[in-house]
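Structure record follows, encoded as C-alpha cells.
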Amino acid sequence: VLMGSVVGAGVSLLTDSDGVSMLRDASIGHIISKLNQVIAVEPFKSAHAVYNFFIGDGACRLNGGVELALHLMEGHKAQSLTNLFIFNNHKWAIEDNLVAETFEEHALYNKSFYDLLQHHSNVVVCENDLELRETLSLLSRKADAYAAGKSGPGLNIIVIRGLDVSLPPMIGDIEPIRQSSEMSFLRNVLGKFAEGCQHKVPLYGCSAFEYIQYLHLFMEEMPEGKKYQYVCGRTDIQAAHMCGMTQPDGKCVLFINDVYGINSL
C-alpha cells in the first residue's frame with residue numbers, strides 16, 4: 001500500500017535506478033541493503049542527501065535491519081540525513097494476505113524488542129496516527145533545515161504502530177492448488193518420509209511467501225500434514241542450520257523460497 005502510494009504521488013521519479021527497482025520488486029530486503037550502501041560506501045556516504053527507507057518488521061527482522069541501523073549510527077559518519085521507518089504490526093503481511101489469516105508460526109512477538117529500542121536517542125516509537133503526524137512534521141522541519149545547511153546529518157529509526165490496513169485476501173480459487181501435481185508430490189513423498197516416526201517430523205522454513213498456500217493447505221487439510229510440525233526460522237540460513245542438527249526420529253524437511261531463499265543460502 002505504501003509503495004503504491006509513493007508511486008502514485010510521483011515521488012519514485014526522484015529515485016535512482018536502484019530505488020525504482022525496489023519499488024517494482026516490493027522491496028523485501030533490498031531496502032536494508034541499500035541503506036547499508038548509502039551510509040557505508042564512498043562517494044554515497046559523503047553526499048549531501050536525504051533518504052527515507054520504509055520496511056515492515058518481518059522483512060526488517062529477516063535482513064538484520066535494526067541491528068544494521070544501530071551499527072551504522074555507531075560506526076559510520078555519513079553526511080546524509082536518513083530515516084528508517086519500520087511498521088511494527090507483528091505480522092508477515094504478504095503471507096497472511098495469501099492465506100487469509102495469520103499463520104500461527106509466522107506471528108512476530110517483537111513488542112518488547114521495540115520497546116527497548118525507544119530508549120535510544122535516535123529512535124522514536126509512534127503509537128498512533130497523532131504521534132506519527134507530529135513525528136513527520138518534526139522530520140520535515142529537520143529535512144528543510146538540513147537542506148538549507150542549518151543543521152547536520154544523522155540517522156533515525158521511526159517505529160510505527162497502530163496503523164494496520166486490511167486488504168481482501170489474494171487467494172482466488174484455491175481448488176487448483178488442492179488438485180495440483182505439486183500437492184500430490186508433497187503428499188506422496190512426505191507421507192512416505194514420515195512413516196514409522198514416533199514424533200511429528202520438523203518441517204523447517206522461513207517467510208514462506210512463495211509457497212505458503214501449498215504449505216497451509218498441506219498442514220491444515222491433508223492427512224499427511226498431520227505428521228509434521230512447521231518451524232519458522234528467523235532467516236532462511238537458520239532454517240538450513242536447524243536441518244543439520246539432531247532431529248526427532250532422525251528426520252526433517254527443509255522448505256525454501258525458490259528465489260530469495262536459495263539466493264540467501
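By convention here, the chains of the C-alpha cells are called A, B, ... in the order presented, each chain's residues are numbered starting at 1, and ligands are numbered starting at 1 in the order presented.
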List as an MDAnalysis selection string the protein and nucleic acid residues near Asn52 of chain A, meaning an atom at most 8 Å away when only C-alpha atoms are counted, but skip any in the same chain fewer than 4 places from it. chainID A and resid 82:85
Segment 237-241 of chain A: which residues within 6 Å, counting only C-alpha atoms, same-chain residues fewer than 2 positions away excluded, as an NGL selection string? :A and (204-205 or 233 or 235 or 243-244 or 265)
Compile the contact shell of segment 192-194 of chain A as a list in words: residues with an atom at most 10 Å away, counting only C-alpha atoms, same-chain residues fewer than 3 positions apart removed.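 Selected residues are Leu186, Arg187, Asn188, Val189, Cys197, Gln198, His199, Lys200, Val201, Glu224, Gly225, Lys227, Tyr228, Asp249, Lys251, Cys252 and Val253 of chain A.
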All alpha helix (DSSP H) positions in segment 28-153 of chain A, as a CSV table (one decimal) with C-alpha atoms, in the first residue's frame:
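Result file is out-v4.csv:
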chain,number,residue,atom,x,y,z
A,30,HIS,CA,16.7,-4.6,-0.9
A,31,ILE,CA,15.7,-1.7,1.4
A,32,ILE,CA,18.2,-2.7,4.1
A,33,SER,CA,21.0,-3.5,1.7
A,34,LYS,CA,20.5,-0.1,0.0
A,35,LEU,CA,20.6,1.6,3.5
A,36,ASN,CA,23.9,-0.1,4.2
A,37,GLN,CA,25.3,1.1,0.8
A,38,VAL,CA,24.4,4.8,1.1
A,39,ILE,CA,25.8,5.0,4.6
A,40,ALA,CA,29.0,2.9,4.3
A,57,ASP,CA,9.0,-5.6,10.9
A,58,GLY,CA,9.1,-9.1,9.3
A,59,ALA,CA,11.4,-8.2,6.4
A,60,CYS,CA,13.4,-5.9,8.7
A,61,ARG,CA,14.0,-8.8,11.1
A,62,LEU,CA,14.9,-11.1,8.3
A,65,GLY,CA,17.7,-4.1,9.7
A,66,VAL,CA,17.6,-2.7,13.3
A,67,GLU,CA,21.0,-4.1,14.2
A,68,LEU,CA,22.5,-2.8,11.0
A,69,ALA,CA,21.0,0.7,11.5
A,70,LEU,CA,22.4,0.9,15.1
A,71,HIS,CA,25.8,-0.4,13.7
A,72,LEU,CA,25.8,2.4,11.1
A,73,MET,CA,24.9,5.0,13.7
A,74,GLU,CA,27.8,4.0,15.9
A,75,GLY,CA,30.4,3.1,13.3
A,93,ALA,CA,1.7,-9.0,5.7
A,94,ILE,CA,2.2,-10.8,2.4
A,95,GLU,CA,1.9,-14.3,3.7
A,96,ASP,CA,-1.1,-13.6,5.8
A,97,ASN,CA,-2.8,-12.0,2.9
A,98,LEU,CA,-2.2,-15.1,0.7
A,99,VAL,CA,-3.9,-17.4,3.1
A,111,LYS,CA,6.9,-5.7,21.0
A,112,SER,CA,9.4,-5.9,23.9
A,113,PHE,CA,12.2,-5.7,21.4
A,114,TYR,CA,11.0,-2.4,20.0
A,115,ASP,CA,10.1,-1.1,23.5
A,116,LEU,CA,13.7,-1.4,24.4
A,117,LEU,CA,14.8,0.4,21.3
A,129,ASP,CA,-1.8,8.5,14.0
A,130,LEU,CA,-1.4,11.7,16.0
A,131,GLU,CA,2.1,10.8,17.2
A,132,LEU,CA,3.1,9.8,13.6
A,133,ARG,CA,1.8,13.1,12.3
A,134,GLU,CA,3.8,15.0,14.9
A,135,THR,CA,6.9,13.0,14.1
A,136,LEU,CA,6.6,13.5,10.4
A,137,SER,CA,6.2,17.2,11.0
A,138,LEU,CA,9.4,17.3,13.1
A,139,LEU,CA,11.3,15.3,10.5
A,140,SER,CA,10.1,17.6,7.7
A,141,ARG,CA,11.4,20.6,9.6
A,142,LYS,CA,14.7,18.8,10.2
A,143,ALA,CA,15.0,18.0,6.5
A,144,ASP,CA,14.3,21.6,5.5
A,145,ALA,CA,16.9,22.8,7.9
A,146,TYR,CA,19.4,20.2,6.7
A,147,ALA,CA,18.8,21.1,3.0
Can you list, as a PyMOL selection string, every residue of segment 74-149 of chain A that DSSP puts in strand (DSSP E or B)? chain A and resi 81-87+123-126
Could you work out how far atom CA of Asn110 of chain A lies from atom CA of Phe87 of chain A, giving the answer in Å with one decimal?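 For atom CA of Phe87 of chain A relative to atom CA of Asn110 of chain A, the distance reads 11.6 Å.
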Nearest residue to Phe53 of chain A from the set A:Asn88, A:Asn156, A:Gln213, A:Asn257 (distances using only C-alpha atoms):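 Among A:Asn88, A:Asn156, A:Gln213, A:Asn257, it is A:Asn156 that comes nearest to Phe53 of chain A.
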Please, what distance in Å, to one decimal, runs between atom CA of Lys77 of chain A and atom CA of Ala148 of chain A?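 Those two atoms sit 19.6 Å apart.
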